[in-house]
Amino acid sequence: MNILSRAMFSVLLAAGGLSAAHAGIQIVGTRVVYPAGEREVTVRVINSGTSPRLLQVWTDSGNEKETAETSKAPFMVTPPISRVEVGQGQALRLMLTNPDAVPQDRESIYWLNVVEIPPKPEDATDKNYLQFAVRTRIKIFYRPNTLSGDPVTSISQVTWRMTNEGGHKVLECTNGTAYNVSFADVRLKGAPDTPNQVDSGGTCPAMGRGTFQLAGGSDAGRLTYKAINDYGAFIEGEAAYTQ
């Protein structure tokens with residue numbers, strides 16, 4: 001049964017008022033680190049809502065359009081479908097199914113998808129209501145155990161330069177380490193703390209490059225950042241950039 005295709009956006013309308021179901025499932029943690037050699041990694045979810053939730057879970061390779069049936073990720077997550085009662089939790093077991101498909105000289109990023117579907121309202125027979133499924137995606141970092149260095153020191157080893165992309169100024173990062181570095185925020189030093197100053201953060205991939213679009217700020221030769229560690233906490237710092 002494919003819950004996502006059947007009920008990702010199910011709308012039922014009749015005469016009367018309009019109400020909407022709200023998200024109730026919380027994933028414990030903001031990311032999953034999967035160390036090489038582990039048989040499985042457990043991810044916990046908790047139903048903090050006011051009604052039971054039906055869950056469908058799967059992994060994807062970075063393409064958010066991948067479904068449980070079309071996923072190209074080398075992971076399996078069980079149980080694929082479950083019901084979580086109010087105030088209760090569910091342990092999701094994440095397992096690597098194809099080690100040969102994963103590079104061993106750097107971290108790889110995949111995604112865990114959790115779709116929750118609320119129950120039909122008890123008074124649905126005489127009211128209008130909007131019912132929809134809520135989908136949450138968090139990153140899975142597959143971490144080979146042969147990598148040198150560590151994720152925290154990799155943050156300061158990222159180098160930066162100002163360049164142009166499509167007629168707009170961007171900050172380009174170069175990451176020569178084997179660890180992916182995630183940023184919640186990157187901006188020119190002294191830039192005001194306002195929305196759209198940076199394109200909502202992003203990742204500087206292991207042994208790769210990434211770009212961060214800027215909306216303004218001073219040209220002081222330095223930038224500030226908020227990196228994200230394995231536990232979802234911010235590590236603040238600053239760095240020089242070239243042009």
# chains A, B, ... in the order shown; residues from 1 in each chain; ligands from 1
>>> select_by_dssp(residues="segment 16-167 of chain A", states="strand (DSSP E)", output="PyMOL selection string")
chain A and resi 25-27+31-35+41-47+53-60+75-78+81-84+89-96+108-117+129-132+134-143+159-165
>>> closest_atom_pairs(of="segment 23-70 of chain A", to="segment 109-123 of chain A", cutoff="8 Å", atoms="only C-alpha atoms", output="tab-separated table")
residue	atom	partner	partner_atom	distance
A:Ala23	CA	A:Glu116	CA	7.5
A:Ile25	CA	A:Glu116	CA	7.0
A:Ser51	CA	A:Pro119	CA	7.3
A:Pro52	CA	A:Pro119	CA	6.8
A:Arg53	CA	A:Pro118	CA	5.1
A:Leu54	CA	A:Ile117	CA	5.2
A:Leu55	CA	A:Glu116	CA	4.6
A:Gln56	CA	A:Val115	CA	5.2
A:Val57	CA	A:Val114	CA	4.7
A:Trp58	CA	A:Asn113	CA	5.3
A:Thr59	CA	A:Leu112	CA	4.5
A:Asp60	CA	A:Trp111	CA	5.2
A:Ser61	CA	A:Tyr110	CA	4.9
A:Gly62	CA	A:Tyr110	CA	5.7
>>> closest_atom_pairs(of="segment 26-95 of chain A", to="segment 136-142 of chain A", cutoff="7 Å", atoms="only C-alpha atoms", output="CSV")
residue,atom,partner,partner_atom,distance
A:Thr30,CA,A:Ile138,CA,6.3
A:Arg31,CA,A:Lys139,CA,5.1
A:Val32,CA,A:Ile140,CA,4.6
A:Val33,CA,A:Phe141,CA,4.8
A:Tyr34,CA,A:Tyr142,CA,4.7
A:Pro35,CA,A:Tyr142,CA,6.1
A:Ala36,CA,A:Tyr142,CA,6.9
>>> write_last_selection(atoms="N, CA and C atoms", output="PDB file, in the first residue's frame")
ATOM      1  N   THR A  30      17.842  15.874  14.552  1.00  0.00           N
ATOM      2  CA  THR A  30      17.690  16.617  13.298  1.00  0.00           C
ATOM      3  C   THR A  30      18.441  15.983  12.140  1.00  0.00           C
ATOM      4  N   ARG A  31      19.193  14.937  12.428  1.00  0.00           N
ATOM      5  CA  ARG A  31      19.954  14.215  11.405  1.00  0.00           C
ATOM      6  C   ARG A  31      20.283  12.830  11.932  1.00  0.00           C
ATOM      7  N   VAL A  32      20.673  11.947  11.020  1.00  0.00           N
ATOM      8  CA  VAL A  32      21.055  10.587  11.405  1.00  0.00           C
ATOM      9  C   VAL A  32      22.485  10.353  10.950  1.00  0.00           C
ATOM     10  N   VAL A  33      23.355   9.940  11.868  1.00  0.00           N
ATOM     11  CA  VAL A  33      24.720   9.557  11.510  1.00  0.00           C
ATOM     12  C   VAL A  33      24.790   8.036  11.537  1.00  0.00           C
ATOM     13  N   TYR A  34      25.146   7.465  10.394  1.00  0.00           N
ATOM     14  CA  TYR A  34      25.218   6.008  10.272  1.00  0.00           C
ATOM     15  C   TYR A  34      26.693   5.607  10.139  1.00  0.00           C
ATOM     16  N   PRO A  35      27.323   5.152  11.229  1.00  0.00           N
ATOM     17  CA  PRO A  35      28.732   4.732  11.156  1.00  0.00           C
ATOM     18  C   PRO A  35      28.869   3.423  10.383  1.00  0.00           C
ATOM     19  N   ALA A  36      29.872   3.354   9.539  1.00  0.00           N
ATOM     20  CA  ALA A  36      30.124   2.119   8.796  1.00  0.00           C
ATOM     21  C   ALA A  36      30.373   0.973   9.765  1.00  0.00           C
TER      22      ALA A  36
END
>>> residues_around(residues="Met95 of chain A", least_positions_apart="5", cutoff="10 Å", atoms="only C-alpha atoms", output="number ranges by chain")
A: 34, 38-42, 74-78
>>> closest_residue(among="A:Met162, A:Ala101, A:Ala133, A:Leu147", to="Gly221 of chain A", atoms="only C-alpha atoms")
A:Met162
>>> residues_around(residues="Gly37 of chain A", least_positions_apart="6", cutoff="12 Å", atoms="only C-alpha atoms", output="list in words")
Met95, Leu96, Thr97, Pro99, Gln104, Tyr142, Arg143, Pro144, Asn145 and Thr146 of chain A
>>> closest_residue(among="A:Ala73, A:Ile228, A:Val102, A:Val86", to="Asp185 of chain A", atoms="only C-alpha atoms")
A:Ile228
